Amino acid sequence: MEEAQYRISPRQLQRMIILETGSIGCLFVTAWSGYQNGILTVLFSIIASLIYGGILMAIGRTDGGFFAITERSLSGFLWRIVWGIYMIRFAIRGAWILSYLEYLVRETLFDGSRLMIILPLLVICVYASVRTLVGRARFVELLFWWMMVPLILLFLTGLWKADLHMAAPIQDIRISELLSGEYRLMALFLPLEFLLFRMSALEGKNQQAWVSGMKGILFAGLWLLLVYCVTIGIIGPDWGHDTLLGVTDAMELITVRGGGLERLDILLILFWLIGGIITLSAYIFQGQQLWKRIVSDRSHSLLSVIPMVLVTLAVYYCFADAETWSDWYVSYACMIDLPLSIVLPVLIWCIYKLRYAKTQRKTMETEPSVKEFVKQSAAGKSYERGKEK
């Protein structure tokens, strides 16, 4: 597969983590964090994401990568079912992102029909997803600073206008609400699951790969924290938690002396669209790679991407609007998708380790020990000497 044939650098992996996790994640960080203790909730989610990402990196770096250990430890029928489960899960996430991008375009740029909005988005995503892993890494690396610098500068400017007291935790901290909000926010870190499939294609030693991955996760989490503080500090917790466009509304309210930022809201919305397209195309790309493994397809990537696009489109039409999609997805992600993202790879890793240990034990039992080999050799030589005499 392409992941095994080509290599990406730790810096490229780090930037892919930041854009794919942070670009869409920060748009929902205010809506999903909860009304109370929001900043503590975000901080706890960053800590949990480092643990979550560390588990995925360790499994993805094991003996040839997640592809290899899954197909070695399971039968052909079972590992095809596993890849099918991953395809469906990635299609659901892609459909959720597509629904939000369609909602964002309709509310801010163009009030057209659903089909007229999503078709151009899908065409761009298909074009971005037919590249190799190295091609995607270079594409993300090219866009990284063009996206990050304007957005970070804008929100750093917004800190001057934001009332950070509104983001501060209240005195009565309820552990149950804090943990439930933190668990909801962990759904925003689900793009870290790409680490399972990319760690085997990473250049360098394990320590270097570990450090670059952790830096990417930490930076993405700090980006979410910055966006949360500025958004809540400008529009307040009630508005921020009740609307899907809280972050974009806060951007429009950020101003500087001389009115230098009032005309930049459309441009910044385009940056959000590019970030969403990067994440959506990543799900389509990874689904395409899994489809190739399931059917042993060696055809052109453009043909193999069609099944993933069709599944994503079919799932997208299951709900009528972005609000319904968002309400359903956060429940689905917390109840099904997030647990599966941990249970499946850990279970496969355990099966692989058990089978690997059994194989090692059988090898040791069938091979004669060194002492026995020396004794047999010595006995054979003495027997030959006796015959000669």
# chains A, B, ... in the order shown; residues from 1 in each chain; ligands from 1

$ residues_around --residues "Lys205 in chain A" --least-positions-apart "6" --cutoff "12 Å" --atoms "only C-alpha atoms" --output "count of residues only"
6

$ residues_around --residues "range 195-197 of chain A" --least-positions-apart "4" --cutoff "7 Å" --atoms "only C-alpha atoms" --output "ChimeraX atom specification"
/A:56-57,59-60,65-67

$ atom_distance --atom1 "CA of Ile217 in chain A" --atom2 "CA of Val140 in chain A"
15.9 Å

$ atom_distance --atom1 "CA of Gly112 in chain A" --atom2 "CA of Val29 in chain A"
27.3 Å

$ closest_residue --among "A:Tyr316, A:Tyr228, A:Trp328, A:Trp145" --to "Arg15 in chain A" --atoms "only C-alpha atoms"
A:Trp145

$ residues_around --residues "Arg198 in chain A" --least-positions-apart "5" --cutoff "12 Å" --atoms "only C-alpha atoms" --output "ChimeraX atom specification"
/A:1-10,12-14,16-17,56-62,64-67,132-134,136-137,191-193,203,209,213,282,286,289

$ write_last_selection --atoms "N, CA and C atoms" --output "short mmCIF file (atom, residue, chain, number, x, y, z; two decimals), in the first residue's frame"
data_model
loop_
_atom_site.label_atom_id
_atom_site.label_comp_id
_atom_site.auth_asym_id
_atom_site.auth_seq_id
_atom_site.Cartn_x
_atom_site.Cartn_y
_atom_site.Cartn_z
N MET A 1 0.83 -1.20 0.00
CA MET A 1 0.00 0.00 0.00
C MET A 1 0.86 1.24 0.00
N GLU A 2 0.24 2.39 -0.30
CA GLU A 2 0.97 3.63 -0.44
C GLU A 2 1.60 4.05 0.87
N GLU A 3 0.97 3.74 2.03
CA GLU A 3 1.55 4.12 3.29
C GLU A 3 2.88 3.42 3.53
N ALA A 4 2.99 2.19 3.01
CA ALA A 4 4.22 1.45 3.22
C ALA A 4 5.29 1.81 2.20
N GLN A 5 4.90 2.30 1.04
CA GLN A 5 5.84 2.60 -0.02
C GLN A 5 6.47 3.98 0.13
N TYR A 6 5.79 4.92 0.75
CA TYR A 6 6.26 6.28 0.85
C TYR A 6 6.38 6.69 2.31
N ARG A 7 7.21 7.67 2.54
CA ARG A 7 7.48 8.14 3.88
C ARG A 7 7.11 9.61 4.02
N ILE A 8 6.62 9.96 5.20
CA ILE A 8 6.35 11.35 5.51
C ILE A 8 7.23 11.74 6.69
N SER A 9 7.55 13.03 6.78
CA SER A 9 8.43 13.50 7.83
C SER A 9 7.64 13.77 9.10
N PRO A 10 8.30 13.79 10.27
CA PRO A 10 7.60 14.13 11.51
C PRO A 10 6.95 15.51 11.47
N GLN A 12 5.68 17.01 8.82
CA GLN A 12 4.46 16.89 8.03
C GLN A 12 3.34 16.24 8.83
N LEU A 13 3.67 15.18 9.58
CA LEU A 13 2.66 14.54 10.42
C LEU A 13 2.11 15.52 11.46
N GLN A 14 2.99 16.29 12.05
CA GLN A 14 2.58 17.25 13.07
C GLN A 14 1.60 18.27 12.50
N MET A 16 -0.30 17.91 9.81
CA MET A 16 -1.55 17.23 9.46
C MET A 16 -2.44 17.07 10.69
N ILE A 17 -1.84 16.72 11.82
CA ILE A 17 -2.62 16.59 13.06
C ILE A 17 -3.27 17.92 13.42
N LEU A 56 -2.83 5.49 20.42
CA LEU A 56 -2.94 5.26 18.98
C LEU A 56 -1.58 5.23 18.31
N MET A 57 -0.67 6.12 18.74
CA MET A 57 0.68 6.14 18.16
C MET A 57 1.43 4.86 18.49
N ALA A 58 1.30 4.39 19.72
CA ALA A 58 1.99 3.15 20.10
C ALA A 58 1.51 1.96 19.27
N ILE A 59 0.20 1.87 19.06
CA ILE A 59 -0.34 0.76 18.26
C ILE A 59 0.05 0.93 16.79
N GLY A 60 -0.02 2.15 16.29
CA GLY A 60 0.31 2.39 14.88
C GLY A 60 1.77 2.17 14.55
N ARG A 61 2.62 2.20 15.56
CA ARG A 61 4.07 2.01 15.34
C ARG A 61 4.50 0.57 15.57
N THR A 62 3.58 -0.33 15.89
CA THR A 62 3.91 -1.72 16.23
C THR A 62 4.14 -2.56 14.99
N GLY A 64 5.33 -2.91 11.81
CA GLY A 64 4.84 -2.69 10.46
C GLY A 64 3.57 -1.88 10.37
N GLY A 65 2.98 -1.50 11.50
CA GLY A 65 1.81 -0.64 11.47
C GLY A 65 0.51 -1.38 11.71
N PHE A 66 -0.56 -0.61 11.82
CA PHE A 66 -1.87 -1.16 12.15
C PHE A 66 -2.40 -2.05 11.04
N PHE A 67 -2.15 -1.69 9.78
CA PHE A 67 -2.55 -2.56 8.68
C PHE A 67 -1.94 -3.95 8.85
N THR A 132 -1.37 10.56 -3.14
CA THR A 132 -0.76 9.61 -2.22
C THR A 132 -0.66 10.25 -0.84
N LEU A 133 -0.25 9.47 0.15
CA LEU A 133 -0.07 10.02 1.49
C LEU A 133 0.98 11.12 1.48
N VAL A 134 2.05 10.93 0.74
CA VAL A 134 3.08 11.96 0.64
C VAL A 134 2.53 13.20 -0.03
N ARG A 136 -0.58 14.24 0.01
CA ARG A 136 -1.44 14.92 0.98
C ARG A 136 -0.60 15.66 2.02
N ALA A 137 0.47 15.03 2.48
CA ALA A 137 1.32 15.68 3.48
C ALA A 137 1.93 16.96 2.94
N PRO A 191 -10.17 12.73 14.73
CA PRO A 191 -9.23 12.63 13.60
C PRO A 191 -7.85 12.10 13.98
N LEU A 192 -7.53 12.06 15.28
CA LEU A 192 -6.26 11.46 15.69
C LEU A 192 -6.19 9.98 15.34
N GLU A 193 -7.32 9.38 15.01
CA GLU A 193 -7.34 7.96 14.62
C GLU A 193 -6.53 7.71 13.36
N GLU A 203 9.03 8.76 8.95
CA GLU A 203 10.48 8.67 8.98
C GLU A 203 11.00 8.85 10.40
N ALA A 209 9.28 10.25 16.37
CA ALA A 209 7.88 10.15 15.97
C ALA A 209 6.95 10.47 17.14
N GLY A 213 4.36 13.73 17.21
CA GLY A 213 2.93 13.49 17.37
C GLY A 213 2.36 14.20 18.58
N ALA A 282 -9.48 13.94 4.02
CA ALA A 282 -8.67 12.94 4.72
C ALA A 282 -9.50 11.69 5.03
N GLN A 286 -8.66 8.06 3.44
CA GLN A 286 -8.42 6.86 4.24
C GLN A 286 -9.44 5.78 3.94
N GLN A 289 -8.30 4.03 0.83
CA GLN A 289 -7.22 3.10 1.10
C GLN A 289 -7.74 1.78 1.69
#

$ atom_distance --atom1 "CA of Trp210 in chain A" --atom2 "CA of Gly276 in chain A"
26.0 Å

$ residues_around --residues "Ala333 in chain A" --least-positions-apart "6" --cutoff "10 Å" --atoms "only C-alpha atoms" --output "list in words"
Arg89, Ile92, Arg93, Tyr183, Arg184, Met186, Ala187, Leu188, Leu190, Pro339, Leu340 and Ser341 of chain A

$ select_by_dssp --residues "range 90-256 of chain A" --states "alpha helix (DSSP H)" --output "number ranges by chain"
A: 90-108, 114-129, 133-161, 175-185, 195-198, 206-242, 246-253

$ write_last_selection --atoms "C-alpha atoms" --output "short mmCIF file (atom, residue, chain, number, x, y, z; two decimals), in the first residue's frame"
data_model
loop_
_atom_site.label_atom_id
_atom_site.label_comp_id
_atom_site.auth_asym_id
_atom_site.auth_seq_id
_atom_site.Cartn_x
_atom_site.Cartn_y
_atom_site.Cartn_z
CA PHE A 90 -15.18 7.57 8.44
CA ALA A 91 -18.14 8.05 6.07
CA ILE A 92 -20.36 9.16 8.98
CA ARG A 93 -17.78 11.68 10.15
CA GLY A 94 -17.31 12.92 6.60
CA ALA A 95 -21.08 13.35 6.17
CA TRP A 96 -21.25 15.33 9.43
CA ILE A 97 -18.46 17.65 8.25
CA LEU A 98 -20.13 18.02 4.86
CA SER A 99 -23.41 19.02 6.52
CA TYR A 100 -21.65 21.70 8.55
CA LEU A 101 -19.75 23.07 5.55
CA GLU A 102 -23.01 23.26 3.61
CA TYR A 103 -24.61 25.11 6.53
CA LEU A 104 -21.65 27.50 6.80
CA VAL A 105 -21.75 28.33 3.09
CA ARG A 106 -25.51 28.82 3.11
CA GLU A 107 -25.51 31.10 6.16
CA THR A 108 -22.53 33.25 5.17
CA ARG A 114 -28.04 21.60 -0.99
CA LEU A 115 -26.88 19.94 -4.19
CA MET A 116 -25.44 23.13 -5.65
CA ILE A 117 -23.38 23.67 -2.51
CA ILE A 118 -22.16 20.15 -1.76
CA LEU A 119 -21.20 19.13 -5.31
CA PRO A 120 -18.35 21.67 -5.62
CA LEU A 121 -17.20 20.75 -2.12
CA LEU A 122 -17.16 17.04 -3.00
CA VAL A 123 -15.32 17.65 -6.28
CA ILE A 124 -12.57 19.51 -4.41
CA CYS A 125 -12.42 16.78 -1.74
CA VAL A 126 -12.18 14.03 -4.35
CA TYR A 127 -9.34 15.89 -6.07
CA ALA A 128 -7.50 16.22 -2.75
CA SER A 129 -8.11 12.59 -1.77
CA LEU A 133 -0.07 10.02 1.49
CA VAL A 134 3.08 11.96 0.64
CA GLY A 135 1.11 14.17 -1.74
CA ARG A 136 -1.44 14.92 0.98
CA ALA A 137 1.32 15.68 3.48
CA ARG A 138 2.95 18.15 1.09
CA PHE A 139 -0.41 19.72 0.29
CA VAL A 140 -1.16 20.26 3.99
CA GLU A 141 2.35 21.55 4.60
CA LEU A 142 1.90 24.09 1.81
CA LEU A 143 -1.37 25.39 3.25
CA PHE A 144 -0.34 25.27 6.89
CA TRP A 145 1.08 28.75 7.42
CA TRP A 146 -1.35 30.38 4.98
CA MET A 147 -4.18 29.17 7.21
CA MET A 148 -2.67 29.25 10.68
CA VAL A 149 -1.06 32.69 10.69
CA PRO A 150 -4.23 34.71 9.82
CA LEU A 151 -6.46 32.71 12.17
CA ILE A 152 -4.08 32.75 15.14
CA LEU A 153 -3.35 36.47 14.69
CA LEU A 154 -7.08 37.18 14.52
CA PHE A 155 -7.87 35.33 17.74
CA LEU A 156 -4.84 36.76 19.53
CA THR A 157 -6.19 40.18 18.56
CA GLY A 158 -9.57 39.09 19.90
CA LEU A 159 -8.06 38.44 23.33
CA TRP A 160 -7.86 42.22 23.82
CA LYS A 161 -11.61 42.56 23.32
CA ILE A 175 -17.19 16.73 38.69
CA SER A 176 -19.93 14.91 36.76
CA GLU A 177 -20.59 17.93 34.50
CA LEU A 178 -16.87 18.51 34.07
CA LEU A 179 -16.19 14.92 33.00
CA SER A 180 -19.25 14.71 30.72
CA GLY A 181 -18.20 17.89 28.92
CA GLU A 182 -14.63 16.64 28.64
CA TYR A 183 -15.84 13.35 27.18
CA ARG A 184 -17.98 15.21 24.62
CA LEU A 185 -15.01 17.29 23.55
CA LEU A 195 -2.27 8.00 13.50
CA LEU A 196 -3.05 4.28 13.39
CA PHE A 197 -2.52 4.26 9.63
CA ARG A 198 0.24 6.87 9.33
CA ASN A 206 10.35 6.03 17.62
CA GLN A 207 11.30 8.83 19.98
CA GLN A 208 11.25 11.41 17.21
CA ALA A 209 7.88 10.15 15.97
CA TRP A 210 6.50 10.22 19.52
CA VAL A 211 7.66 13.81 20.16
CA SER A 212 6.31 15.15 16.84
CA GLY A 213 2.93 13.49 17.37
CA MET A 214 2.60 14.81 20.92
CA LYS A 215 3.55 18.32 19.82
CA GLY A 216 0.89 18.22 17.10
CA ILE A 217 -1.82 17.06 19.53
CA LEU A 218 -0.81 19.66 22.13
CA PHE A 219 -0.80 22.50 19.60
CA ALA A 220 -4.22 21.46 18.26
CA GLY A 221 -5.56 21.41 21.83
CA LEU A 222 -4.13 24.86 22.60
CA TRP A 223 -5.73 26.16 19.40
CA LEU A 224 -9.11 24.89 20.64
CA LEU A 225 -8.47 26.56 24.00
CA LEU A 226 -7.63 29.91 22.37
CA VAL A 227 -10.73 29.80 20.17
CA TYR A 228 -12.90 28.89 23.16
CA CYS A 229 -11.61 31.73 25.35
CA VAL A 230 -12.00 34.38 22.62
CA THR A 231 -15.44 33.18 21.49
CA ILE A 232 -16.94 32.92 24.98
CA GLY A 233 -15.22 36.13 26.04
CA ILE A 234 -16.81 38.08 23.16
CA ILE A 235 -20.30 36.63 22.67
CA GLY A 236 -20.83 35.08 26.10
CA PRO A 237 -21.51 31.48 27.18
CA ASP A 238 -25.24 31.48 26.34
CA TRP A 239 -24.80 32.57 22.74
CA GLY A 240 -21.65 30.51 22.31
CA HIS A 241 -23.27 27.28 23.44
CA ASP A 242 -26.58 27.69 21.63
CA GLY A 246 -20.61 30.93 17.51
CA VAL A 247 -16.97 31.01 16.40
CA THR A 248 -17.69 32.76 13.11
CA ASP A 249 -19.99 35.24 14.90
CA ALA A 250 -17.15 36.07 17.29
CA MET A 251 -14.79 36.62 14.35
CA GLU A 252 -17.15 39.18 12.85
CA LEU A 253 -17.24 41.10 16.15
#

$ closest_residue --among "A:Cys334, A:Thr30, A:Phe189, A:Ile274" --to "Ile51 in chain A" --atoms "only C-alpha atoms"
A:Phe189
